[in-house]
$ cat coords-v4.txt   # compact mmCIF, C-alpha atoms
# COMPACT_ATOMS: atom_id res chain seq x y z
CA SER A 813 -103.60 82.26 104.01
CA LEU A 814 -103.92 85.83 102.84
CA PRO A 815 -107.41 87.01 102.10
CA THR A 816 -108.17 87.26 98.41
CA ARG A 817 -108.73 90.73 97.07
CA ARG A 818 -112.06 91.11 95.43
CA SER A 819 -111.92 92.81 92.05
CA ARG A 820 -114.23 95.73 91.67
CA VAL A 821 -116.70 95.25 88.88
CA ARG A 822 -117.72 98.55 87.38
CA PRO A 823 -121.33 98.82 86.27
CA PRO A 824 -121.71 99.10 82.50
CA LEU A 825 -121.94 102.63 81.11
CA PRO A 826 -125.41 103.64 79.95
CA ALA A 827 -125.90 103.19 76.25
CA PRO A 828 -125.63 106.50 74.38
CA LYS A 829 -128.88 107.94 73.17
CA CYS A 830 -129.56 107.45 69.51
CA MET A 831 -129.55 110.56 67.34
CA ILE A 832 -133.01 112.10 67.06
CA LYS A 833 -134.70 111.57 63.73
CA LEU A 834 -136.55 114.76 62.78
CA CYS A 835 -138.87 115.33 59.83
CA ILE A 836 -139.62 118.96 59.01
CA GLU A 837 -142.69 119.78 56.93
CA GLY A 838 -142.45 123.32 55.67
CA TRP A 839 -141.48 125.88 53.04
CA ARG A 840 -138.03 126.60 51.65
CA LYS A 841 -136.50 128.94 49.02
CA ILE A 842 -138.89 131.92 49.45
CA ASN A 843 -138.94 134.97 51.74
CA HIS A 844 -142.26 134.41 53.52
CA SER A 845 -141.74 134.79 57.28
CA TYR A 846 -142.52 131.12 58.02
CA ALA A 847 -140.14 130.00 55.29
CA MET A 848 -137.42 132.31 56.63
CA VAL A 849 -137.82 130.92 60.15
CA ASN A 850 -137.75 127.37 58.82
CA GLN A 851 -134.63 127.96 56.74
CA ARG A 852 -132.74 129.68 59.57
CA GLN A 853 -133.62 126.85 61.94
CA ILE A 854 -132.52 124.26 59.37
CA ILE A 855 -129.10 125.94 59.11
CA GLU A 856 -128.62 125.91 62.89
CA LEU A 857 -130.11 122.44 63.50
CA SER A 858 -127.72 121.07 60.87
CA LYS A 859 -124.84 121.96 63.20
CA LEU A 860 -126.29 119.80 66.01
CA PRO A 861 -126.41 116.01 66.54
CA ILE A 862 -129.76 115.47 64.88
CA SER A 863 -130.83 113.64 61.71
CA ILE A 864 -133.04 115.86 59.53
CA LYS A 865 -135.27 115.13 56.57
CA HIS A 866 -137.57 117.66 54.89
CA ILE A 867 -140.93 117.52 53.13
CA ASP A 868 -141.69 120.56 50.97
CA ILE A 869 -145.31 121.59 51.50
CA PRO A 870 -147.02 123.46 48.62
CA TYR A 871 -146.90 127.23 49.09
CA TYR A 872 -150.02 128.91 50.46
CA ASN A 873 -150.13 131.07 47.34
CA LYS A 874 -149.61 129.16 44.09
CA ASN A 875 -147.99 132.25 42.53
CA TRP A 876 -145.09 132.30 45.01
CA ASN A 877 -141.83 131.07 43.54
CA GLU A 878 -138.08 131.19 44.04
CA GLN A 879 -137.51 133.60 41.15
CA ASN A 880 -139.91 136.34 42.31
CA ASN A 881 -139.85 135.69 46.06
CA GLY A 882 -136.29 134.49 46.69
CA ASN A 883 -135.01 134.22 50.27
CA GLY A 884 -131.96 136.43 49.67
CA PHE A 885 -129.62 134.00 51.44
CA SER A 886 -126.00 133.41 50.50
CA LYS A 887 -125.02 130.49 48.27
CA GLU A 888 -123.44 128.76 51.27
CA ASP A 889 -126.58 129.00 53.38
CA ASN A 890 -128.81 127.91 50.52
CA SER A 891 -126.56 124.92 49.96
CA VAL A 892 -127.16 123.77 53.55
CA ILE A 893 -130.91 124.33 53.23
CA GLU A 894 -131.30 122.55 49.91
CA ASN A 895 -129.11 119.58 50.82
CA ILE A 896 -131.62 118.32 53.39
CA SER A 897 -133.07 115.26 51.67
CA SER A 898 -136.65 113.96 51.54
CA PRO A 899 -137.80 110.99 53.67
CA GLU A 900 -137.87 107.46 52.34
CA LYS A 901 -141.29 105.96 51.71
CA ASN A 902 -142.99 105.08 55.04
CA GLU A 903 -139.92 106.23 56.98
CA ILE A 904 -140.58 106.54 60.73
CA PHE A 905 -139.32 109.51 62.74
CA ASP A 906 -139.05 110.46 66.39
CA ILE A 907 -140.42 113.97 65.78
CA THR A 908 -142.36 115.74 63.04
CA TYR A 909 -142.11 119.52 63.04
CA ARG A 910 -144.66 121.35 60.88
CA ILE A 911 -143.87 124.96 60.06
CA THR A 912 -146.34 125.94 57.38
CA PHE A 913 -149.73 127.59 56.89
CA PRO A 914 -152.59 126.85 57.34
CA TYR A 915 -151.88 124.75 60.42
CA ASN A 916 -152.24 120.99 60.25
CA PHE A 917 -152.75 119.18 63.57
CA GLU A 918 -153.41 115.76 62.04
CA LYS A 919 -151.46 112.69 63.14
CA SER A 920 -147.94 112.37 61.75
CA ASN A 921 -145.63 109.44 61.04
CA SER A 922 -143.72 110.18 64.26
CA LYS A 923 -143.87 109.59 67.99
CA LYS A 924 -144.27 113.32 68.66
CA LEU A 925 -145.75 116.16 66.62
CA PHE A 926 -144.79 119.84 66.91
CA VAL A 927 -146.77 122.48 65.02
CA PHE A 928 -145.35 125.98 64.58
CA GLY A 929 -147.79 128.87 64.50
CA THR A 930 -148.35 132.54 65.31
CA ALA A 931 -151.59 134.10 66.53
CA GLU A 932 -151.26 137.77 65.63
CA TYR A 933 -154.76 138.66 66.85
CA GLN A 934 -154.71 135.99 69.60
CA ASN A 935 -157.12 133.95 67.51
CA ILE A 936 -156.47 131.10 65.04
CA ASP A 937 -160.02 130.65 63.71
CA GLY A 938 -159.81 129.76 60.03
CA HIS A 939 -156.04 129.26 60.18
CA PHE A 940 -156.06 125.45 60.21
CA ILE A 941 -157.11 122.49 58.10
CA ASN A 942 -158.70 119.12 58.84
CA GLY A 943 -161.21 120.02 61.51
CA ASN A 944 -161.53 121.95 64.75
CA PRO A 945 -158.21 122.10 66.68
CA LYS A 946 -160.03 121.62 70.00
CA LYS A 947 -160.49 117.98 69.04
CA LYS A 948 -156.71 117.65 68.68
CA THR A 949 -155.82 119.15 72.05
CA THR A 950 -156.16 115.87 73.94
CA LYS A 951 -153.45 114.18 71.86
CA GLU A 952 -150.54 113.63 74.21
CA ASN A 953 -147.98 113.74 71.41
CA LEU A 954 -149.05 117.17 70.05
CA ASN A 955 -147.16 120.33 71.05
CA ILE A 956 -147.38 123.89 69.75
CA ILE A 957 -144.29 125.99 69.03
CA THR A 958 -145.04 129.71 68.98
CA THR A 959 -142.93 132.85 69.12
CA SER A 960 -144.16 135.05 71.99
CA ASN A 961 -146.30 135.21 75.10
CA TRP A 962 -148.78 137.33 73.16
CA SER A 963 -149.12 134.63 70.50
CA LYS A 964 -149.38 131.87 73.10
CA ILE A 965 -152.67 133.34 74.34
CA GLY A 966 -154.17 132.74 70.90
CA PHE A 967 -153.53 129.00 71.15
CA ILE A 968 -154.83 128.92 74.73
CA ASN A 969 -157.98 130.61 73.44
CA ALA A 970 -158.25 127.81 70.84
CA GLY A 971 -158.35 125.23 73.64
CA PHE A 972 -154.77 123.98 73.77
CA ASP A 973 -153.16 123.03 77.08
CA PRO A 974 -150.83 125.90 78.13
CA GLU A 975 -148.25 123.27 79.15
CA LYS A 976 -148.18 122.05 75.55
CA ILE A 977 -147.59 125.53 74.09
CA LEU A 978 -143.86 126.23 74.00
CA ILE A 979 -142.33 129.63 73.22
CA ILE A 980 -139.29 129.80 70.96
CA PRO A 981 -138.52 133.36 69.82
CA CYS A 982 -137.27 134.25 66.38
CA GLY A 983 -133.62 135.18 65.98
CA VAL A 984 -131.27 137.35 63.97
CA ASP A 985 -128.31 136.32 61.82
CA CYS A 986 -125.78 138.78 63.23
CA LYS A 987 -123.28 137.85 60.52
CA VAL A 988 -125.73 139.48 58.09
CA PHE A 989 -127.36 142.17 60.23
CA ASN A 990 -124.72 144.29 61.94
CA PRO A 991 -123.44 147.89 62.02
CA ILE A 992 -121.58 149.10 58.94
CA HIS A 993 -118.82 151.72 58.86
CA THR A 994 -119.97 155.33 58.97
CA ASP A 995 -118.19 156.09 55.67
CA ARG A 996 -120.12 153.30 53.93
CA LYS A 997 -123.37 154.50 55.50
CA ASN A 998 -122.76 158.06 54.24
CA GLU A 999 -121.86 156.77 50.80
CA ILE A 1000 -125.17 154.87 50.48
CA ARG A 1001 -127.20 157.82 51.76
CA LYS A 1002 -125.50 160.14 49.26
CA LYS A 1003 -126.37 157.81 46.37
CA LEU A 1004 -130.01 157.92 47.47
CA GLY A 1005 -130.01 161.70 47.71
CA ILE A 1006 -130.11 161.68 51.51
CA THR A 1007 -128.07 164.41 53.21
CA ASN A 1008 -126.27 164.22 56.54
CA SER A 1009 -128.88 166.50 58.08
CA ASP A 1010 -131.81 164.30 56.99
CA PHE A 1011 -133.41 162.14 59.69
CA ILE A 1012 -134.56 158.85 58.16
CA ILE A 1013 -137.31 156.73 59.73
CA THR A 1014 -138.04 153.33 58.21
CA ASN A 1015 -140.49 150.44 58.20
CA ILE A 1016 -140.17 147.13 56.35
CA GLY A 1017 -143.00 144.64 56.00
CA ALA A 1018 -146.17 143.40 54.40
CA MET A 1019 -148.05 146.72 54.81
CA THR A 1020 -151.08 144.75 55.97
CA GLU A 1021 -153.61 146.19 58.42
CA ASN A 1022 -151.90 144.75 61.51
CA LYS A 1023 -148.65 146.62 60.80
CA GLY A 1024 -150.06 150.03 61.77
CA ILE A 1025 -148.56 151.86 58.79
CA ASP A 1026 -151.45 154.32 58.88
CA TYR A 1027 -150.24 155.48 62.30
CA LEU A 1028 -146.67 155.78 61.06
CA VAL A 1029 -147.55 157.88 58.01
CA ALA A 1030 -149.87 160.09 60.06
CA ALA A 1031 -147.13 160.66 62.67
CA PHE A 1032 -144.66 161.41 59.88
CA ALA A 1033 -147.06 163.97 58.39
CA ILE A 1034 -147.52 165.65 61.79
CA LEU A 1035 -143.75 165.92 62.31
CA ARG A 1036 -143.10 166.99 58.74
CA GLU A 1037 -145.06 170.21 59.33
CA LYS A 1038 -142.30 171.53 61.60
CA LYS A 1039 -139.29 169.27 60.97
CA LYS A 1040 -138.48 169.47 57.26
CA ASN A 1041 -135.42 167.22 57.59
CA ILE A 1042 -137.45 164.10 58.45
CA LYS A 1043 -137.99 161.54 55.68
CA LEU A 1044 -139.70 158.15 55.59
CA ILE A 1045 -138.70 154.88 53.89
CA LEU A 1046 -141.42 152.26 53.39
CA LYS A 1047 -140.21 148.90 52.06
CA ASP A 1048 -143.19 146.68 51.24
CA GLN A 1049 -143.44 142.98 50.35
CA SER A 1050 -145.75 143.42 47.40
CA ASN A 1051 -143.98 140.55 45.67
CA LEU A 1052 -145.61 138.24 48.25
CA TYR A 1053 -148.80 139.99 49.29
CA ASN A 1054 -149.56 142.28 46.34
CA ILE A 1055 -149.95 145.23 48.71
CA LYS A 1056 -147.91 148.31 47.87
CA ALA A 1057 -146.94 150.88 50.49
CA GLN A 1058 -148.61 153.60 48.44
CA ASN A 1059 -151.96 151.90 49.10
CA CYS A 1060 -151.67 152.88 52.77
CA LEU A 1061 -151.96 156.56 51.87
CA ASN A 1062 -155.51 156.06 50.64
CA LYS A 1063 -156.56 154.66 54.03
CA ILE A 1064 -155.01 157.57 55.91
CA LYS A 1065 -156.89 160.11 53.80
CA ASN A 1066 -160.09 158.77 55.36
CA ILE A 1067 -159.05 159.41 58.97
CA LYS A 1068 -158.78 162.69 60.87
CA TYR A 1069 -155.12 163.13 59.90
CA GLY A 1070 -155.91 162.74 56.21
CA LYS A 1071 -155.76 166.47 55.55
CA LEU A 1072 -152.06 166.38 56.48
CA ILE A 1073 -151.22 164.06 53.57
CA ASN A 1074 -150.14 166.71 51.08
CA SER A 1075 -147.62 166.72 48.22
CA ASP A 1076 -144.75 167.63 50.56
CA VAL A 1077 -145.43 164.55 52.71
CA VAL A 1078 -145.78 162.20 49.73
CA ASN A 1079 -142.67 163.58 48.01
CA ASN A 1080 -140.57 162.83 51.10
CA ILE A 1081 -141.53 159.17 51.36
CA PHE A 1082 -139.25 156.65 49.65
CA PHE A 1083 -141.33 153.71 48.43
CA ILE A 1084 -139.43 150.47 47.82
CA SER A 1085 -141.15 147.40 46.38
CA ARG A 1086 -138.34 145.35 44.84
CA ASN A 1087 -137.02 142.21 46.44
CA MET A 1088 -133.67 142.68 48.21
CA SER A 1089 -130.74 140.52 49.18
CA LEU A 1090 -130.15 140.31 52.93
CA SER A 1091 -126.93 142.32 52.61
CA THR A 1092 -128.85 145.17 50.92
CA LEU A 1093 -131.51 144.93 53.61
CA ASN A 1094 -128.74 145.30 56.19
CA GLU A 1095 -127.67 148.52 54.46
CA LEU A 1096 -131.24 149.81 54.57
CA TYR A 1097 -131.41 149.27 58.33
CA ASN A 1098 -128.03 150.97 58.74
CA ILE A 1099 -128.79 154.14 56.79
CA SER A 1100 -131.93 154.65 58.91
CA ASP A 1101 -131.77 156.90 61.97
CA CYS A 1102 -134.73 155.11 63.55
CA TYR A 1103 -136.77 152.00 62.77
CA ILE A 1104 -140.46 152.33 63.65
CA SER A 1105 -143.13 149.64 64.04
CA PRO A 1106 -146.41 151.00 65.46
CA TYR A 1107 -148.02 147.58 65.02
CA LYS A 1108 -151.52 146.60 66.10
CA ALA A 1109 -151.02 142.82 66.23
CA GLU A 1110 -147.92 140.68 65.69
CA GLY A 1111 -146.86 137.14 66.49
CA PHE A 1112 -143.24 138.23 67.02
CA ASN A 1113 -142.17 141.15 64.77
CA ILE A 1114 -138.64 140.37 63.69
CA THR A 1115 -137.73 143.47 61.67
CA PRO A 1116 -137.23 145.78 64.70
CA LEU A 1117 -134.89 143.19 66.20
CA GLU A 1118 -132.90 143.02 62.95
CA ALA A 1119 -132.69 146.81 62.91
CA ALA A 1120 -131.50 146.81 66.53
CA ALA A 1121 -128.78 144.31 65.58
CA CYS A 1122 -127.55 146.97 63.14
CA GLY A 1123 -127.37 149.49 65.98
CA THR A 1124 -130.41 151.46 64.77
CA PRO A 1125 -132.74 152.74 67.54
CA ILE A 1126 -136.22 151.23 67.38
CA ILE A 1127 -139.70 152.42 68.34
CA VAL A 1128 -142.32 149.68 68.85
CA THR A 1129 -145.81 149.40 70.27
CA LYS A 1130 -145.94 148.64 73.98
CA GLY A 1131 -148.05 145.74 75.27
CA GLY A 1132 -147.62 143.25 72.43
CA SER A 1133 -145.24 140.56 71.24
CA THR A 1134 -142.18 142.82 71.20
CA ASP A 1135 -142.41 143.12 74.99
CA ASP A 1136 -140.68 139.72 75.06
CA TYR A 1137 -137.48 141.15 73.61
CA PHE A 1138 -137.63 144.91 74.09
CA ASP A 1139 -134.87 146.46 76.19
CA SER A 1140 -134.36 150.13 77.07
CA ASN A 1141 -131.00 150.05 75.26
CA LEU A 1142 -132.86 149.41 72.00
CA GLY A 1143 -135.11 152.49 71.89
CA LEU A 1144 -138.61 153.49 73.00
CA GLN A 1145 -142.11 152.03 73.27
CA ILE A 1146 -145.38 153.58 72.08
CA ASP A 1147 -148.24 153.74 74.58
CA SER A 1148 -151.20 151.66 73.43
CA GLU A 1149 -154.72 150.56 74.30
CA LEU A 1150 -155.89 146.93 74.25
CA ILE A 1151 -158.82 146.43 71.87
CA GLN A 1152 -161.25 143.47 71.80
CA ASN A 1153 -163.38 143.08 68.68
CA ASN A 1154 -165.23 139.90 67.61
CA ASN A 1155 -162.82 137.52 69.39
CA LEU A 1156 -159.84 139.39 67.94
CA THR A 1157 -157.39 141.15 70.23
CA SER A 1158 -155.23 144.01 69.02
CA LEU A 1159 -153.47 147.14 70.20
CA LYS A 1160 -154.29 150.74 69.34
CA PRO A 1161 -151.05 152.75 69.31
CA ASN A 1162 -151.34 156.24 70.76
CA ILE A 1163 -150.35 158.60 67.94
CA GLU A 1164 -149.35 161.40 70.32
CA SER A 1165 -147.01 158.95 72.08
CA LEU A 1166 -145.59 157.85 68.71
CA VAL A 1167 -144.89 161.46 67.69
CA GLU A 1168 -143.26 162.08 71.07
CA CYS A 1169 -141.03 158.99 70.74
CA ILE A 1170 -139.82 160.00 67.28
CA SER A 1171 -139.18 163.57 68.44
CA SER A 1172 -137.22 162.30 71.43
CA ILE A 1173 -134.83 160.29 69.26
CA MET A 1174 -134.56 163.13 66.71
CA ASN A 1175 -133.60 165.55 69.49
CA ASN A 1176 -131.18 163.11 71.12
CA PRO A 1177 -129.55 161.21 68.21
CA LYS A 1178 -126.60 160.01 70.30
CA LEU A 1179 -128.71 158.81 73.23
CA TYR A 1180 -128.74 155.21 71.99
CA ASP A 1181 -125.32 153.61 71.66
CA LYS A 1182 -125.45 151.43 68.54
CA ASN A 1183 -122.97 148.98 70.07
CA LYS A 1184 -125.14 148.42 73.15
CA GLY A 1185 -128.19 147.65 71.04
CA SER A 1186 -126.24 145.41 68.68
CA ASP A 1187 -124.52 143.59 71.56
CA PHE A 1188 -127.86 142.98 73.28
CA VAL A 1189 -129.22 141.21 70.21
CA LYS A 1190 -126.00 139.21 69.74
CA LYS A 1191 -126.11 138.04 73.34
CA ASN A 1192 -129.79 137.05 73.48
CA PHE A 1193 -131.36 136.58 70.05
CA THR A 1194 -129.05 135.01 67.49
CA TRP A 1195 -130.55 132.16 65.45
CA ASN A 1196 -127.90 129.92 66.95
CA ASN A 1197 -129.07 130.68 70.51
CA VAL A 1198 -132.79 130.37 69.91
CA THR A 1199 -132.50 127.21 67.78
CA LYS A 1200 -130.57 125.51 70.58
CA LYS A 1201 -133.67 126.10 72.72
CA LEU A 1202 -135.76 124.38 70.07
CA TYR A 1203 -133.28 121.48 69.96
CA LYS A 1204 -133.46 121.15 73.75
CA ILE A 1205 -137.26 120.88 73.53
CA PHE A 1206 -136.92 118.16 70.90
CA THR A 1207 -134.41 116.17 72.99
CA ASN A 1208 -136.48 116.53 76.18
CA ASN A 1209 -139.53 115.19 74.33
CA ASN A 1210 -137.73 112.29 72.66
CA ASP A 1211 -138.97 109.61 75.08
$ encode --input "coords-v4.txt" --output "structure tokens"
Amino acid sequence: SLPTRRSRVRPPLPAPKCMIKLCIEGWRKINHSYAMVNQRQIIELSKLPISIKHIDIPYYNKNWNEQNNGNGFSKEDNSVIENISSPEKNEIFDITYRITFPYNFEKSNSKKLFVFGTAEYQNIDGHFINGNPKKKTTKENLNIITTSNWSKIGFINAGFDPEKILIIPCGVDCKVFNPIHTDRKNEIRKKLGITNSDFIITNIGAMTENKGIDYLVAAFAILREKKKNIKLILKDQSNLYNIKAQNCLNKIKNIKYGKLINSDVVNNIFFISRNMSLSTLNELYNISDCYISPYKAEGFNITPLEAAACGTPIIVTKGGSTDDYFDSNLGLQIDSELIQNNNLTSLKPNIESLVECISSIMNNPKLYDKNKGSDFVKKNFTWNNVTKKLYKIFTNNND
């Protein structure tokens, strides 16, 4: 008789992994940096196979609100952000992701806990609640998400395991921040009283001590003595921090460059305090000939990257958080000195180097191809790209 043919029995396919259940605890609706990161990540995570719920944590400042501190997002983006629902009572999650301030390392209602944080001065003393973080470092389910190698050192200094500190950079929405047509740029400059021969340098931010605005204004005053076409735009966030850019002038008057702060210097600084939509912010980056951030301490420093996405050359302090994303196609770096003071680490920008960097770009305005800078950001630092890295971390830790 013929031998019987054995049928091949295929092994069963592995069961597909269940969708990750993620609970985010954070801020929405306002333009604080943590809230902006949270909202951008929500938009991108919503495109991925992940189930998201959101708990709105009270704002750090009780006076912050959507009306005065709005995020400036489009209606479509805000619809995605606001449609994330709250958890059911006692609902269990795979991962809790806390992106708020002060930091909370306490146990969550999830298998794994991720806490987002930035250590501008490489120190988080006083930036947390519910006890000393060193007592939390032994928890196997606790991981830190931070934005740069500079910031990571701050959490290592606090006692966290370096293996549990994961770096996810911030990103740029290149649909919002991108080069505009030269005709539109000239039209906006004309409305503001800026001529084609004017060289505009700009800084946008909180105007707090770590931003190094005193160095920027001093460098501007030095250059203004010989280059009468240079002008400075300072856009503050006084709606959040109650610090106006004009306040920085008083500090500079007390340093050795104070005598340079005369009426000519002050009259050629544009001070902007009003809240802006993101599209208007994009125009501000575009009408600038150079974006300058002579910072002393930053966890990431997103505004230079947004400016670079618009094709505007940038000048940033060398040695800090921006080293993680700086590329020679984007602009120049300011020489700096590392400073240690009472467990705080910062950088001291060299003002002569800053003046030299600005002069170099003024004298060679076509040296930096706006398309190369913009393309670099699009390739490496879109919110879509960086949030996929965050998603990968979540999936790899969903055991």
$ residues_around --input "coords-v4.txt" --residues "segment 1098-1114 of chain A" --least-positions-apart "4" --cutoff "6 Å" --atoms "all atoms listed in the file" --output "short mmCIF file (atom, residue, chain, number, x, y, z; two decimals) with C-alpha atoms, keeping the file's coordinate frame"
data_model
loop_
_atom_site.label_atom_id
_atom_site.label_comp_id
_atom_site.auth_asym_id
_atom_site.auth_seq_id
_atom_site.Cartn_x
_atom_site.Cartn_y
_atom_site.Cartn_z
CA THR A 930 -148.35 132.54 65.31
CA ALA A 931 -151.59 134.10 66.53
CA GLU A 932 -151.26 137.77 65.63
CA TYR A 933 -154.76 138.66 66.85
CA THR A 959 -142.93 132.85 69.12
CA SER A 960 -144.16 135.05 71.99
CA SER A 963 -149.12 134.63 70.50
CA LYS A 997 -123.37 154.50 55.50
CA PHE A 1011 -133.41 162.14 59.69
CA ILE A 1012 -134.56 158.85 58.16
CA ILE A 1013 -137.31 156.73 59.73
CA THR A 1014 -138.04 153.33 58.21
CA ASN A 1015 -140.49 150.44 58.20
CA ASN A 1022 -151.90 144.75 61.51
CA LYS A 1023 -148.65 146.62 60.80
CA GLY A 1024 -150.06 150.03 61.77
CA CYS A 1122 -127.55 146.97 63.14
CA THR A 1124 -130.41 151.46 64.77
CA PRO A 1125 -132.74 152.74 67.54
CA ILE A 1126 -136.22 151.23 67.38
CA ILE A 1127 -139.70 152.42 68.34
CA VAL A 1128 -142.32 149.68 68.85
CA THR A 1129 -145.81 149.40 70.27
CA SER A 1133 -145.24 140.56 71.24
CA SER A 1158 -155.23 144.01 69.02
CA LEU A 1159 -153.47 147.14 70.20
CA LYS A 1160 -154.29 150.74 69.34
#
$ closest_residue --input "coords-v4.txt" --among "A:Lys833, A:Lys859, A:Lys841, A:Arg910" --to "Gln879 of chain A" --atoms "all atoms listed in the file"
A:Lys841
$ closest_residue --input "coords-v4.txt" --among "A:Val849, A:Ile864, A:Ile941, A:Ile1016" --to "Ser1050 of chain A" --atoms "all atoms listed in the file"
A:Ile1016
$ residues_around --input "coords-v4.txt" --residues "Thr1157 of chain A" --least-positions-apart "4" --cutoff "6 Å" --atoms "all atoms listed in the file" --output "list in words"
Tyr933, Gln934, Ile1151 and Gln1152 of chain A
$ residues_near_point --input "coords-v4.txt" --point "(-126.1, 130.2, 69.0)" --cutoff "12 Å" --atoms "all atoms listed in the file" --output "number ranges by chain"
A: 852-853, 855-857, 859-860, 983-987, 1189-1203
$ closest_residue --input "coords-v4.txt" --among "A:Met1174, A:Leu1052, A:Leu978, A:Val1029" --to "Lys874 of chain A" --atoms "all atoms listed in the file"
A:Leu1052
$ closest_residue --input "coords-v4.txt" --among "A:Pro991, A:Gly1017, A:Gly1185, A:Gly1005" --to "Glu1095 of chain A" --atoms "only C-alpha atoms"
A:Pro991
$ atom_distance --input "coords-v4.txt" --atom1 "atom CA of Met848 of chain A" --atom2 "atom CA of Asn883 of chain A"
7.1 Å
$ residues_near_point --input "coords-v4.txt" --point "(-144.7, 116.4, 64.9)" --cutoff "6 Å" --atoms "only C-alpha atoms" --output "number ranges by chain"
A: 907-909, 924-926
$ residues_around --input "coords-v4.txt" --residues "Ile1073 of chain A" --least-positions-apart "2" --cutoff "8 Å" --atoms "only C-alpha atoms" --output "PyMOL selection string"
chain A and resi 1030+1033+1061+1064-1065+1069-1071+1075-1078
$ atom_distance --input "coords-v4.txt" --atom1 "atom CA of Val1167 of chain A" --atom2 "atom CA of Pro1116 of chain A"
17.7 Å
$ build_atoms --input "coords-v4.txt" --residues "segment 833-849 of chain A" --atoms "N, CA and C atoms" --output "mmCIF file, in the coordinates of the input"
data_model
loop_
_atom_site.group_PDB
_atom_site.id
_atom_site.type_symbol
_atom_site.label_atom_id
_atom_site.label_comp_id
_atom_site.auth_asym_id
_atom_site.auth_seq_id
_atom_site.Cartn_x
_atom_site.Cartn_y
_atom_site.Cartn_z
ATOM 1 N N LYS A 833 -134.294 111.501 65.131
ATOM 2 C CA LYS A 833 -134.700 111.570 63.730
ATOM 3 C C LYS A 833 -135.850 112.569 63.621
ATOM 4 N N LEU A 834 -135.599 113.657 62.899
ATOM 5 C CA LEU A 834 -136.550 114.760 62.780
ATOM 6 C C LEU A 834 -137.009 114.903 61.337
ATOM 7 N N CYS A 835 -138.315 115.024 61.144
ATOM 8 C CA CYS A 835 -138.870 115.330 59.830
ATOM 9 C C CYS A 835 -139.533 116.701 59.891
ATOM 10 N N ILE A 836 -139.040 117.619 59.076
ATOM 11 C CA ILE A 836 -139.620 118.960 59.010
ATOM 12 C C ILE A 836 -140.546 119.031 57.799
ATOM 13 N N GLU A 837 -141.755 119.528 58.025
ATOM 14 C CA GLU A 837 -142.690 119.780 56.930
ATOM 15 C C GLU A 837 -142.875 121.284 56.831
ATOM 16 N N GLY A 838 -142.385 121.868 55.745
ATOM 17 C CA GLY A 838 -142.450 123.320 55.670
ATOM 18 C C GLY A 838 -142.122 123.860 54.298
ATOM 19 N N TRP A 839 -141.816 125.172 54.272
ATOM 20 C CA TRP A 839 -141.480 125.880 53.040
ATOM 21 C C TRP A 839 -140.013 126.245 53.025
ATOM 22 N N ARG A 840 -139.398 126.139 51.852
ATOM 23 C CA ARG A 840 -138.030 126.600 51.650
ATOM 24 C C ARG A 840 -137.990 127.523 50.424
ATOM 25 N N LYS A 841 -136.867 128.164 50.223
ATOM 26 C CA LYS A 841 -136.500 128.940 49.020
ATOM 27 C C LYS A 841 -137.122 130.326 48.917
ATOM 28 N N ILE A 842 -138.249 130.606 49.597
ATOM 29 C CA ILE A 842 -138.890 131.920 49.450
ATOM 30 C C ILE A 842 -138.711 132.762 50.718
ATOM 31 N N ASN A 843 -139.178 134.031 50.636
ATOM 32 C CA ASN A 843 -138.940 134.970 51.740
ATOM 33 C C ASN A 843 -140.168 135.208 52.617
ATOM 34 N N HIS A 844 -141.163 134.320 52.559
ATOM 35 C CA HIS A 844 -142.260 134.410 53.520
ATOM 36 C C HIS A 844 -141.700 134.189 54.922
ATOM 37 N N SER A 845 -142.299 134.837 55.915
ATOM 38 C CA SER A 845 -141.740 134.790 57.280
ATOM 39 C C SER A 845 -141.619 133.355 57.796
ATOM 40 N N TYR A 846 -142.608 132.505 57.545
ATOM 41 C CA TYR A 846 -142.520 131.120 58.020
ATOM 42 C C TYR A 846 -141.385 130.384 57.325
ATOM 43 N N ALA A 847 -141.224 130.636 56.030
ATOM 44 C CA ALA A 847 -140.140 130.000 55.290
ATOM 45 C C ALA A 847 -138.780 130.492 55.802
ATOM 46 N N MET A 848 -138.684 131.768 56.128
ATOM 47 C CA MET A 848 -137.420 132.310 56.630
ATOM 48 C C MET A 848 -137.063 131.701 57.985
ATOM 49 N N VAL A 849 -138.061 131.569 58.853
ATOM 50 C CA VAL A 849 -137.820 130.920 60.150
ATOM 51 C C VAL A 849 -137.377 129.476 59.940
#
